[in-house]
file coords-v4.cif (mmCIF, N, CA and C atoms and all ligand atoms)
data_data
#
loop_
_atom_site.label_atom_id
_atom_site.label_comp_id
_atom_site.auth_asym_id
_atom_site.auth_seq_id
_atom_site.Cartn_x
_atom_site.Cartn_y
_atom_site.Cartn_z
N MET A 20 16.93 -57.94 -190.92
CA MET A 20 17.43 -58.00 -189.56
C MET A 20 16.90 -59.24 -188.86
N SER A 21 17.77 -60.06 -188.32
CA SER A 21 17.28 -61.17 -187.53
C SER A 21 18.26 -61.41 -186.38
N TYR A 22 17.88 -60.88 -185.26
CA TYR A 22 18.74 -61.00 -184.08
C TYR A 22 18.54 -62.35 -183.41
N GLU A 23 19.65 -62.92 -183.00
CA GLU A 23 19.62 -64.20 -182.29
C GLU A 23 20.25 -64.03 -180.91
N PHE A 24 19.78 -64.80 -179.96
CA PHE A 24 20.39 -64.81 -178.64
C PHE A 24 21.84 -65.26 -178.76
N ALA A 25 22.76 -64.53 -178.15
CA ALA A 25 24.17 -64.93 -178.17
C ALA A 25 24.64 -65.36 -176.79
N ILE A 26 24.40 -64.52 -175.79
CA ILE A 26 24.93 -64.80 -174.45
C ILE A 26 24.26 -63.85 -173.46
N ALA A 27 24.18 -64.28 -172.21
CA ALA A 27 23.67 -63.40 -171.17
C ALA A 27 24.69 -62.30 -170.88
N VAL A 28 24.21 -61.10 -170.65
CA VAL A 28 25.09 -59.97 -170.32
C VAL A 28 26.01 -60.33 -169.16
N ALA A 29 25.46 -61.04 -168.17
CA ALA A 29 26.23 -61.37 -166.97
C ALA A 29 27.39 -62.31 -167.26
N ASP A 30 27.35 -62.97 -168.42
CA ASP A 30 28.41 -63.95 -168.75
C ASP A 30 29.52 -63.36 -169.61
N VAL A 31 29.46 -62.06 -169.89
CA VAL A 31 30.52 -61.41 -170.68
C VAL A 31 31.46 -60.69 -169.71
N PRO A 32 32.70 -61.18 -169.56
CA PRO A 32 33.62 -60.52 -168.63
C PRO A 32 34.08 -59.16 -169.15
N GLU A 33 34.67 -58.38 -168.27
CA GLU A 33 35.14 -57.04 -168.64
C GLU A 33 36.36 -57.08 -169.55
N ASP A 34 37.19 -58.09 -169.35
CA ASP A 34 38.53 -58.04 -169.95
C ASP A 34 38.80 -59.16 -170.94
N GLU A 35 37.76 -59.84 -171.37
CA GLU A 35 37.94 -60.96 -172.29
C GLU A 35 36.74 -61.04 -173.21
N ALA A 36 36.96 -61.49 -174.43
CA ALA A 36 35.83 -61.75 -175.32
C ALA A 36 35.37 -63.19 -175.11
N VAL A 37 34.14 -63.46 -175.49
CA VAL A 37 33.59 -64.81 -175.38
C VAL A 37 33.18 -65.27 -176.77
N GLY A 38 33.61 -66.47 -177.13
CA GLY A 38 33.27 -67.00 -178.45
C GLY A 38 31.92 -67.69 -178.43
N VAL A 39 31.07 -67.36 -179.41
CA VAL A 39 29.79 -68.06 -179.55
C VAL A 39 29.62 -68.40 -181.03
N THR A 40 28.86 -69.45 -181.29
CA THR A 40 28.59 -69.82 -182.68
C THR A 40 27.14 -69.52 -182.98
N LEU A 41 26.93 -68.72 -184.02
CA LEU A 41 25.57 -68.37 -184.43
C LEU A 41 25.43 -68.77 -185.89
N GLY A 42 24.64 -69.81 -186.14
CA GLY A 42 24.56 -70.33 -187.50
C GLY A 42 25.94 -70.78 -187.93
N ARG A 43 26.41 -70.28 -189.08
CA ARG A 43 27.73 -70.71 -189.55
C ARG A 43 28.82 -69.72 -189.14
N HIS A 44 28.46 -68.78 -188.29
CA HIS A 44 29.43 -67.75 -187.92
C HIS A 44 29.97 -67.94 -186.51
N ASP A 45 31.28 -67.80 -186.39
CA ASP A 45 31.91 -67.75 -185.08
C ASP A 45 32.06 -66.29 -184.72
N VAL A 46 31.49 -65.93 -183.59
CA VAL A 46 31.40 -64.54 -183.18
C VAL A 46 32.07 -64.37 -181.82
N ALA A 47 32.81 -63.28 -181.67
CA ALA A 47 33.38 -62.94 -180.37
C ALA A 47 32.56 -61.78 -179.80
N VAL A 48 31.99 -61.99 -178.62
CA VAL A 48 31.20 -60.95 -177.96
C VAL A 48 32.07 -60.34 -176.86
N ALA A 49 32.09 -59.01 -176.81
CA ALA A 49 32.92 -58.33 -175.82
C ALA A 49 32.20 -57.08 -175.34
N ARG A 50 32.68 -56.54 -174.23
CA ARG A 50 32.05 -55.34 -173.70
C ARG A 50 33.10 -54.27 -173.45
N HIS A 51 32.62 -53.04 -173.47
CA HIS A 51 33.44 -51.90 -173.05
C HIS A 51 32.54 -51.13 -172.10
N GLY A 52 32.70 -51.35 -170.80
CA GLY A 52 31.76 -50.79 -169.85
C GLY A 52 30.39 -51.40 -170.08
N ASP A 53 29.41 -50.56 -170.36
CA ASP A 53 28.05 -51.05 -170.58
C ASP A 53 27.72 -51.21 -172.06
N GLU A 54 28.70 -51.04 -172.91
CA GLU A 54 28.49 -51.21 -174.35
C GLU A 54 28.93 -52.60 -174.76
N PHE A 55 28.15 -53.22 -175.63
CA PHE A 55 28.47 -54.58 -176.07
C PHE A 55 28.73 -54.62 -177.57
N PHE A 56 29.63 -55.51 -177.95
CA PHE A 56 30.04 -55.59 -179.34
C PHE A 56 30.13 -57.05 -179.76
N ALA A 57 29.91 -57.28 -181.05
CA ALA A 57 30.08 -58.62 -181.62
C ALA A 57 30.92 -58.48 -182.88
N VAL A 58 32.01 -59.21 -182.91
CA VAL A 58 32.89 -59.18 -184.08
C VAL A 58 33.15 -60.62 -184.52
N GLU A 59 33.58 -60.72 -185.76
CA GLU A 59 33.98 -62.02 -186.27
C GLU A 59 35.08 -62.58 -185.37
N ASN A 60 34.94 -63.85 -185.01
CA ASN A 60 35.90 -64.42 -184.07
C ASN A 60 37.09 -65.01 -184.81
N LEU A 61 37.70 -64.21 -185.64
CA LEU A 61 38.82 -64.70 -186.44
C LEU A 61 39.72 -63.52 -186.79
N CYS A 62 40.98 -63.63 -186.41
CA CYS A 62 41.94 -62.59 -186.76
C CYS A 62 42.06 -62.49 -188.27
N SER A 63 42.26 -61.28 -188.80
CA SER A 63 42.38 -61.13 -190.25
C SER A 63 43.79 -61.44 -190.72
N HIS A 64 44.68 -61.73 -189.80
CA HIS A 64 46.09 -62.01 -190.17
C HIS A 64 46.31 -63.51 -190.36
N ALA A 65 45.78 -64.33 -189.48
CA ALA A 65 45.88 -65.78 -189.60
C ALA A 65 44.71 -66.38 -188.84
N ALA A 66 44.56 -67.68 -188.92
CA ALA A 66 43.37 -68.34 -188.38
C ALA A 66 43.46 -68.49 -186.86
N VAL A 67 43.26 -67.40 -186.17
CA VAL A 67 43.35 -67.39 -184.71
C VAL A 67 42.06 -66.81 -184.15
N ALA A 68 41.50 -67.47 -183.13
CA ALA A 68 40.26 -66.98 -182.51
C ALA A 68 40.56 -65.78 -181.62
N LEU A 69 39.84 -64.71 -181.84
CA LEU A 69 40.06 -63.50 -181.05
C LEU A 69 39.46 -63.62 -179.65
N SER A 70 38.56 -64.59 -179.46
CA SER A 70 37.97 -64.74 -178.13
C SER A 70 39.00 -65.24 -177.13
N GLU A 71 40.18 -65.62 -177.60
CA GLU A 71 41.21 -66.05 -176.66
C GLU A 71 42.12 -64.90 -176.25
N GLY A 72 41.86 -63.72 -176.78
CA GLY A 72 42.70 -62.57 -176.45
C GLY A 72 42.03 -61.68 -175.43
N GLU A 73 42.78 -60.74 -174.91
CA GLU A 73 42.18 -59.87 -173.89
C GLU A 73 41.57 -58.60 -174.50
N VAL A 74 40.63 -58.06 -173.75
CA VAL A 74 39.91 -56.86 -174.19
C VAL A 74 40.34 -55.68 -173.34
N GLU A 75 40.67 -54.58 -174.00
CA GLU A 75 41.10 -53.38 -173.29
C GLU A 75 40.84 -52.17 -174.17
N ASP A 76 40.38 -51.08 -173.56
CA ASP A 76 40.16 -49.82 -174.30
C ASP A 76 39.34 -50.02 -175.58
N CYS A 77 38.28 -50.82 -175.47
CA CYS A 77 37.40 -51.06 -176.62
C CYS A 77 38.13 -51.72 -177.79
N THR A 78 39.16 -52.51 -177.48
CA THR A 78 39.81 -53.31 -178.52
C THR A 78 39.97 -54.73 -178.01
N VAL A 79 40.07 -55.67 -178.95
CA VAL A 79 40.38 -57.05 -178.59
C VAL A 79 41.73 -57.38 -179.20
N GLU A 80 42.54 -58.06 -178.41
CA GLU A 80 43.90 -58.37 -178.87
C GLU A 80 43.98 -59.78 -179.42
N CYS A 81 44.69 -59.93 -180.53
CA CYS A 81 45.00 -61.26 -181.03
C CYS A 81 46.19 -61.78 -180.25
N TRP A 82 46.04 -62.91 -179.59
CA TRP A 82 47.10 -63.38 -178.69
C TRP A 82 48.34 -63.81 -179.46
N LEU A 83 48.20 -64.15 -180.75
CA LEU A 83 49.34 -64.74 -181.44
C LEU A 83 50.42 -63.70 -181.77
N HIS A 84 50.04 -62.62 -182.43
CA HIS A 84 51.06 -61.61 -182.81
C HIS A 84 50.76 -60.23 -182.25
N GLY A 85 49.69 -60.11 -181.49
CA GLY A 85 49.49 -58.87 -180.76
C GLY A 85 48.74 -57.76 -181.47
N SER A 86 48.23 -57.98 -182.68
CA SER A 86 47.40 -56.93 -183.28
C SER A 86 46.15 -56.75 -182.42
N ARG A 87 45.68 -55.49 -182.34
CA ARG A 87 44.43 -55.22 -181.63
C ARG A 87 43.41 -54.75 -182.65
N PHE A 88 42.15 -55.12 -182.43
CA PHE A 88 41.08 -54.70 -183.32
C PHE A 88 40.09 -53.84 -182.55
N ASP A 89 39.75 -52.71 -183.13
CA ASP A 89 38.76 -51.82 -182.53
C ASP A 89 37.39 -52.50 -182.58
N LEU A 90 36.75 -52.63 -181.43
CA LEU A 90 35.46 -53.34 -181.38
C LEU A 90 34.37 -52.56 -182.12
N ARG A 91 34.53 -51.24 -182.24
CA ARG A 91 33.51 -50.43 -182.92
C ARG A 91 33.61 -50.52 -184.42
N THR A 92 34.84 -50.51 -184.93
CA THR A 92 35.04 -50.43 -186.38
C THR A 92 35.57 -51.72 -187.00
N GLY A 93 36.11 -52.61 -186.18
CA GLY A 93 36.73 -53.83 -186.70
C GLY A 93 38.13 -53.60 -187.25
N LYS A 94 38.60 -52.36 -187.23
CA LYS A 94 39.90 -52.06 -187.83
C LYS A 94 41.05 -52.41 -186.88
N PRO A 95 42.14 -52.94 -187.45
CA PRO A 95 43.30 -53.19 -186.61
C PRO A 95 43.94 -51.87 -186.19
N THR A 96 44.38 -51.80 -184.95
CA THR A 96 45.03 -50.58 -184.49
C THR A 96 46.55 -50.71 -184.61
N GLY A 97 47.01 -51.91 -184.97
CA GLY A 97 48.45 -52.08 -185.12
C GLY A 97 48.79 -53.32 -185.92
N LEU A 98 49.99 -53.38 -186.44
CA LEU A 98 50.47 -54.51 -187.24
C LEU A 98 50.63 -55.74 -186.33
N PRO A 99 50.70 -56.95 -186.91
CA PRO A 99 50.83 -57.23 -188.34
C PRO A 99 49.51 -57.30 -189.10
N ALA A 100 48.35 -57.35 -188.44
CA ALA A 100 47.10 -57.38 -189.20
C ALA A 100 46.88 -56.03 -189.89
N THR A 101 46.39 -56.08 -191.12
CA THR A 101 46.13 -54.83 -191.84
C THR A 101 44.68 -54.73 -192.29
N GLU A 102 43.96 -55.86 -192.30
CA GLU A 102 42.58 -55.85 -192.78
C GLU A 102 41.61 -55.83 -191.60
N PRO A 103 40.48 -55.15 -191.77
CA PRO A 103 39.48 -55.14 -190.70
C PRO A 103 38.76 -56.49 -190.59
N ILE A 104 38.17 -56.74 -189.42
CA ILE A 104 37.31 -57.90 -189.23
C ILE A 104 35.86 -57.42 -189.24
N ALA A 105 34.95 -58.33 -189.55
CA ALA A 105 33.53 -57.97 -189.63
C ALA A 105 32.99 -57.64 -188.24
N THR A 106 32.14 -56.62 -188.18
CA THR A 106 31.45 -56.27 -186.93
C THR A 106 29.95 -56.44 -187.15
N PHE A 107 29.29 -57.04 -186.18
CA PHE A 107 27.87 -57.36 -186.32
C PHE A 107 27.01 -56.46 -185.42
N PRO A 108 25.78 -56.18 -185.85
CA PRO A 108 24.87 -55.39 -185.00
C PRO A 108 24.50 -56.15 -183.74
N VAL A 109 24.39 -55.41 -182.65
CA VAL A 109 24.10 -55.98 -181.33
C VAL A 109 22.88 -55.28 -180.74
N GLU A 110 22.06 -56.05 -180.05
CA GLU A 110 20.96 -55.47 -179.27
C GLU A 110 20.96 -56.11 -177.90
N ILE A 111 20.65 -55.32 -176.88
CA ILE A 111 20.48 -55.88 -175.54
C ILE A 111 18.99 -56.01 -175.31
N ARG A 112 18.56 -57.20 -174.99
CA ARG A 112 17.13 -57.43 -174.73
C ARG A 112 16.97 -58.04 -173.34
N ASP A 113 15.89 -57.66 -172.70
CA ASP A 113 15.61 -58.22 -171.39
C ASP A 113 14.91 -59.55 -171.53
N GLY A 114 15.39 -60.53 -170.80
CA GLY A 114 14.75 -61.84 -170.81
C GLY A 114 14.43 -62.27 -169.40
N ASP A 115 13.90 -63.47 -169.28
CA ASP A 115 13.53 -63.98 -167.97
C ASP A 115 14.74 -64.09 -167.04
N ASN A 116 15.90 -64.35 -167.63
CA ASN A 116 17.10 -64.51 -166.82
C ASN A 116 17.98 -63.27 -166.84
N GLY A 117 17.38 -62.12 -167.05
CA GLY A 117 18.15 -60.89 -167.07
C GLY A 117 18.48 -60.47 -168.50
N PRO A 118 19.20 -59.35 -168.64
CA PRO A 118 19.51 -58.85 -169.97
C PRO A 118 20.44 -59.78 -170.74
N ALA A 119 20.26 -59.83 -172.04
CA ALA A 119 21.07 -60.72 -172.87
C ALA A 119 21.50 -60.00 -174.13
N VAL A 120 22.60 -60.48 -174.69
CA VAL A 120 23.14 -59.91 -175.92
C VAL A 120 22.56 -60.68 -177.10
N TYR A 121 21.97 -59.95 -178.02
CA TYR A 121 21.46 -60.53 -179.27
C TYR A 121 22.29 -59.97 -180.42
N VAL A 122 22.59 -60.84 -181.37
CA VAL A 122 23.46 -60.45 -182.48
C VAL A 122 22.78 -60.81 -183.79
N ASP A 123 22.92 -59.93 -184.77
CA ASP A 123 22.42 -60.19 -186.12
C ASP A 123 23.61 -60.52 -187.02
N VAL A 124 23.74 -61.80 -187.39
CA VAL A 124 24.88 -62.18 -188.23
C VAL A 124 24.54 -62.16 -189.72
N THR A 125 23.32 -61.70 -190.05
CA THR A 125 22.95 -61.67 -191.47
C THR A 125 23.48 -60.42 -192.16
N THR A 126 24.05 -59.51 -191.38
CA THR A 126 24.59 -58.29 -191.97
C THR A 126 25.80 -57.87 -191.14
N THR A 127 26.58 -56.93 -191.66
CA THR A 127 27.69 -56.41 -190.85
C THR A 127 27.58 -54.90 -190.80
N LEU A 128 28.12 -54.33 -189.73
CA LEU A 128 28.06 -52.87 -189.55
C LEU A 128 29.09 -52.17 -190.41
N ASN A 129 30.21 -52.83 -190.64
CA ASN A 129 31.29 -52.13 -191.33
C ASN A 129 31.47 -52.59 -192.77
N GLY A 130 30.51 -53.39 -193.27
CA GLY A 130 30.57 -53.78 -194.68
C GLY A 130 31.61 -54.83 -195.01
N VAL A 131 32.27 -55.37 -193.97
CA VAL A 131 33.29 -56.39 -194.20
C VAL A 131 32.58 -57.75 -194.27
N THR A 132 32.87 -58.52 -195.30
CA THR A 132 32.30 -59.85 -195.41
C THR A 132 33.07 -60.80 -194.52
N PRO A 133 32.35 -61.52 -193.62
CA PRO A 133 33.06 -62.45 -192.74
C PRO A 133 33.83 -63.47 -193.57
N GLN A 134 35.01 -63.89 -193.08
CA GLN A 134 35.87 -64.82 -193.81
C GLN A 134 35.25 -66.20 -193.88
S1 LIG A 201 47.30 -64.11 -186.20
FE1 LIG A 201 46.42 -62.35 -185.31
S2 LIG A 201 47.96 -60.86 -185.50
FE2 LIG A 201 48.84 -62.59 -186.43
#
call {"tool": "encode", "arguments": {"input": "coords-v4.cif", "output": "structure tokens"}}
result
Amino acid sequence: MSYEFAIAVADVPEDEAVGVTLGRHDVAVARHGDEFFAVENLCSHAAVALSEGEVEDCTVECWLHGSRFDLRTGKPTGLPATEPIATFPVEIRDGDNGPAVYVDVTTTLNGVTPQ
């Protein structure tokens, strides 16, 4: 386990994911109320960043063809994507500038290998 700082909690909007780069991984950080999630920032259907899509009902939408991915499981909730995206462990830690989202990109929660 090696958690890295990703973004301040205050900088994660309610309705959009935010793209961050951690090591060689592009990660989309999103929230559902007070819960925070980190998923691979790449649609499993084509090379599209999910951080450009909107977040609703604990899913992030791919803006290109409209597939939504469950932030908890990484699974698509609708076509055309059929493969899950990797989901990473998240921790909220208090820092000098308020709470922040830390992500561990050395492992995934759902066993999916990042693309
Ligand atoms: S590129 Fe994301 S659904 Fe097609």
call {"tool": "residues_around", "arguments": {"input": "coords-v4.cif", "residues": "Ala25 of chain A", "least_positions_apart": "6", "cutoff": "9 Å", "atoms": "only C-alpha atoms", "output": "PyMOL selection string"}}
result
chain A and resi 39-41+46+48+119-122
call {"tool": "residues_near_ligand", "arguments": {"input": "coords-v4.cif", "ligand": "ligand LIG 201 (chain A)", "cutoff": "6 Å", "atoms": "only C-alpha atoms and all ligand atoms", "output": "PDB file with N, CA and C atoms, in the frame of the given file"}}
result
ATOM      1  N   CYS A  62      40.980 -63.630-186.410  1.00  0.00           N
ATOM      2  CA  CYS A  62      41.940 -62.590-186.760  1.00  0.00           C
ATOM      3  C   CYS A  62      42.060 -62.490-188.270  1.00  0.00           C
ATOM      4  N   HIS A  64      44.680 -61.730-189.800  1.00  0.00           N
ATOM      5  CA  HIS A  64      46.090 -62.010-190.170  1.00  0.00           C
ATOM      6  C   HIS A  64      46.310 -63.510-190.360  1.00  0.00           C
ATOM      7  N   ALA A  65      45.780 -64.330-189.480  1.00  0.00           N
ATOM      8  CA  ALA A  65      45.880 -65.780-189.600  1.00  0.00           C
ATOM      9  C   ALA A  65      44.710 -66.380-188.840  1.00  0.00           C
ATOM     10  N   VAL A  67      43.260 -67.400-186.170  1.00  0.00           N
ATOM     11  CA  VAL A  67      43.350 -67.390-184.710  1.00  0.00           C
ATOM     12  C   VAL A  67      42.060 -66.810-184.150  1.00  0.00           C
ATOM     13  N   CYS A  81      44.690 -59.930-180.530  1.00  0.00           N
ATOM     14  CA  CYS A  81      45.000 -61.260-181.030  1.00  0.00           C
ATOM     15  C   CYS A  81      46.190 -61.780-180.250  1.00  0.00           C
ATOM     16  N   LEU A  83      48.200 -64.150-180.750  1.00  0.00           N
ATOM     17  CA  LEU A  83      49.340 -64.740-181.440  1.00  0.00           C
ATOM     18  C   LEU A  83      50.420 -63.700-181.770  1.00  0.00           C
ATOM     19  N   HIS A  84      50.040 -62.620-182.430  1.00  0.00           N
ATOM     20  CA  HIS A  84      51.060 -61.610-182.810  1.00  0.00           C
ATOM     21  C   HIS A  84      50.760 -60.230-182.250  1.00  0.00           C
ATOM     22  N   GLY A  85      49.690 -60.110-181.490  1.00  0.00           N
ATOM     23  CA  GLY A  85      49.490 -58.870-180.760  1.00  0.00           C
ATOM     24  C   GLY A  85      48.740 -57.760-181.470  1.00  0.00           C
ATOM     25  N   SER A  86      48.230 -57.980-182.680  1.00  0.00           N
ATOM     26  CA  SER A  86      47.400 -56.930-183.280  1.00  0.00           C
ATOM     27  C   SER A  86      46.150 -56.750-182.420  1.00  0.00           C
ATOM     28  N   PRO A  99      50.700 -56.950-186.910  1.00  0.00           N
ATOM     29  CA  PRO A  99      50.830 -57.230-188.340  1.00  0.00           C
ATOM     30  C   PRO A  99      49.510 -57.300-189.100  1.00  0.00           C
ATOM     31  N   ALA A 100      48.350 -57.350-188.440  1.00  0.00           N
ATOM     32  CA  ALA A 100      47.100 -57.380-189.200  1.00  0.00           C
ATOM     33  C   ALA A 100      46.880 -56.030-189.890  1.00  0.00           C
TER      34      ALA A 100
END
call {"tool": "closest_residue", "arguments": {"input": "coords-v4.cif", "among": "A:Leu69, A:Thr125, A:Lys94, A:His44", "to": "Trp82 of chain A", "atoms": "only N, CA and C atoms"}}
result
A:Leu69
call {"tool": "atom_distance", "arguments": {"input": "coords-v4.cif", "atom1": "atom C of Cys77 of chain A", "atom2": "atom CA of Ser63 of chain A"}}
result
16.2 Å
call {"tool": "select_by_dssp", "arguments": {"input": "coords-v4.cif", "residues": "chain A", "states": "strand (DSSP E)", "output": "PyMOL selection string"}}
result
chain A and resi 23-27+37-41+44-51+54-59+74-75+78-80+87-89+106-107+109-114+117-122
call {"tool": "residues_near_point", "arguments": {"input": "coords-v4.cif", "point": "(26.6, -54.9, -185.2)", "cutoff": "7 Å", "atoms": "only N, CA and C atoms", "output": "ChimeraX atom specification"}}
result
/A:56-57,106-110,122-123,126-129
call {"tool": "closest_residue", "arguments": {"input": "coords-v4.cif", "among": "A:Ala47, A:Gly97, A:Val58, A:Val74", "to": "Glu33 of chain A", "atoms": "all atoms listed in the file"}}
result
A:Val74
call {"tool": "decode", "arguments": {"input": "coords-v4.cif", "residues": "segment 110-119 of chain A", "atoms": "all heavy atoms", "output": "PDB file, in the first residue's frame"}}
result
ATOM      1  N   GLU A 110      -8.091   7.077   0.346  1.00  0.00           N
ATOM      2  CA  GLU A 110      -8.140   7.434   1.763  1.00  0.00           C
ATOM      3  C   GLU A 110      -8.279   8.943   1.865  1.00  0.00           C
ATOM      4  O   GLU A 110      -7.683   9.667   1.072  1.00  0.00           O
ATOM      5  CB  GLU A 110      -6.823   7.049   2.440  1.00  0.00           C
ATOM      6  CG  GLU A 110      -6.949   5.883   3.379  1.00  0.00           C
ATOM      7  CD  GLU A 110      -5.649   5.608   4.104  1.00  0.00           C
ATOM      8  OE1 GLU A 110      -4.949   6.574   4.511  1.00  0.00           O
ATOM      9  OE2 GLU A 110      -5.333   4.435   4.241  1.00  0.00           O
ATOM     10  N   ILE A 111      -9.048   9.394   2.842  1.00  0.00           N
ATOM     11  CA  ILE A 111      -9.121  10.831   3.110  1.00  0.00           C
ATOM     12  C   ILE A 111      -8.224  11.102   4.309  1.00  0.00           C
ATOM     13  O   ILE A 111      -8.375  10.470   5.360  1.00  0.00           O
ATOM     14  CB  ILE A 111     -10.569  11.271   3.411  1.00  0.00           C
ATOM     15  CG1 ILE A 111     -11.493  10.882   2.258  1.00  0.00           C
ATOM     16  CG2 ILE A 111     -10.626  12.777   3.669  1.00  0.00           C
ATOM     17  CD1 ILE A 111     -11.131  11.485   0.917  1.00  0.00           C
ATOM     18  N   ARG A 112      -7.286  12.001   4.129  1.00  0.00           N
ATOM     19  CA  ARG A 112      -6.375  12.346   5.227  1.00  0.00           C
ATOM     20  C   ARG A 112      -6.445  13.842   5.476  1.00  0.00           C
ATOM     21  O   ARG A 112      -6.573  14.634   4.535  1.00  0.00           O
ATOM     22  CB  ARG A 112      -4.940  11.973   4.868  1.00  0.00           C
ATOM     23  CG  ARG A 112      -4.755  10.482   4.732  1.00  0.00           C
ATOM     24  CD  ARG A 112      -3.296  10.162   4.518  1.00  0.00           C
ATOM     25  NE  ARG A 112      -3.108   8.750   4.245  1.00  0.00           N
ATOM     26  CZ  ARG A 112      -1.981   8.219   3.815  1.00  0.00           C
ATOM     27  NH1 ARG A 112      -0.925   8.988   3.613  1.00  0.00           N
ATOM     28  NH2 ARG A 112      -1.891   6.917   3.592  1.00  0.00           N
ATOM     29  N   ASP A 113      -6.311  14.197   6.734  1.00  0.00           N
ATOM     30  CA  ASP A 113      -6.308  15.606   7.083  1.00  0.00           C
ATOM     31  C   ASP A 113      -4.921  16.178   6.906  1.00  0.00           C
ATOM     32  O   ASP A 113      -3.932  15.595   7.351  1.00  0.00           O
ATOM     33  CB  ASP A 113      -6.775  15.792   8.530  1.00  0.00           C
ATOM     34  CG  ASP A 113      -8.286  15.725   8.619  1.00  0.00           C
ATOM     35  OD1 ASP A 113      -8.936  16.304   7.728  1.00  0.00           O
ATOM     36  OD2 ASP A 113      -8.803  15.082   9.544  1.00  0.00           O
ATOM     37  N   GLY A 114      -4.860  17.313   6.250  1.00  0.00           N
ATOM     38  CA  GLY A 114      -3.579  17.993   6.073  1.00  0.00           C
ATOM     39  C   GLY A 114      -3.677  19.416   6.557  1.00  0.00           C
ATOM     40  O   GLY A 114      -4.729  19.850   7.038  1.00  0.00           O
ATOM     41  N   ASP A 115      -2.593  20.149   6.389  1.00  0.00           N
ATOM     42  CA  ASP A 115      -2.566  21.537   6.832  1.00  0.00           C
ATOM     43  C   ASP A 115      -3.614  22.378   6.110  1.00  0.00           C
ATOM     44  O   ASP A 115      -4.142  23.334   6.651  1.00  0.00           O
ATOM     45  CB  ASP A 115      -1.183  22.147   6.570  1.00  0.00           C
ATOM     46  CG  ASP A 115      -0.133  21.508   7.455  1.00  0.00           C
ATOM     47  OD1 ASP A 115      -0.523  20.829   8.438  1.00  0.00           O
ATOM     48  OD2 ASP A 115       1.059  21.657   7.160  1.00  0.00           O
ATOM     49  N   ASN A 116      -3.897  22.009   4.862  1.00  0.00           N
ATOM     50  CA  ASN A 116      -4.854  22.785   4.083  1.00  0.00           C
ATOM     51  C   ASN A 116      -6.217  22.117   4.022  1.00  0.00           C
ATOM     52  O   ASN A 116      -6.947  22.281   3.055  1.00  0.00           O
ATOM     53  CB  ASN A 116      -4.307  23.013   2.675  1.00  0.00           C
ATOM     54  CG  ASN A 116      -2.998  23.780   2.706  1.00  0.00           C
ATOM     55  OD1 ASN A 116      -2.885  24.759   3.438  1.00  0.00           O
ATOM     56  ND2 ASN A 116      -2.017  23.326   1.964  1.00  0.00           N
ATOM     57  N   GLY A 117      -6.543  21.336   5.027  1.00  0.00           N
ATOM     58  CA  GLY A 117      -7.841  20.674   5.047  1.00  0.00           C
ATOM     59  C   GLY A 117      -7.730  19.240   4.547  1.00  0.00           C
ATOM     60  O   GLY A 117      -6.641  18.780   4.195  1.00  0.00           O
ATOM     61  N   PRO A 118      -8.872  18.534   4.514  1.00  0.00           N
ATOM     62  CA  PRO A 118      -8.839  17.133   4.112  1.00  0.00           C
ATOM     63  C   PRO A 118      -8.456  16.968   2.638  1.00  0.00           C
ATOM     64  O   PRO A 118      -8.783  17.810   1.811  1.00  0.00           O
ATOM     65  CB  PRO A 118     -10.263  16.660   4.369  1.00  0.00           C
ATOM     66  CG  PRO A 118     -11.096  17.877   4.479  1.00  0.00           C
ATOM     67  CD  PRO A 118     -10.201  19.005   4.894  1.00  0.00           C
ATOM     68  N   ALA A 119      -7.767  15.886   2.348  1.00  0.00           N
ATOM     69  CA  ALA A 119      -7.314  15.643   0.981  1.00  0.00           C
ATOM     70  C   ALA A 119      -7.538  14.187   0.613  1.00  0.00           C
ATOM     71  O   ALA A 119      -7.619  13.308   1.476  1.00  0.00           O
ATOM     72  CB  ALA A 119      -5.837  16.002   0.843  1.00  0.00           C
TER      73      ALA A 119
END
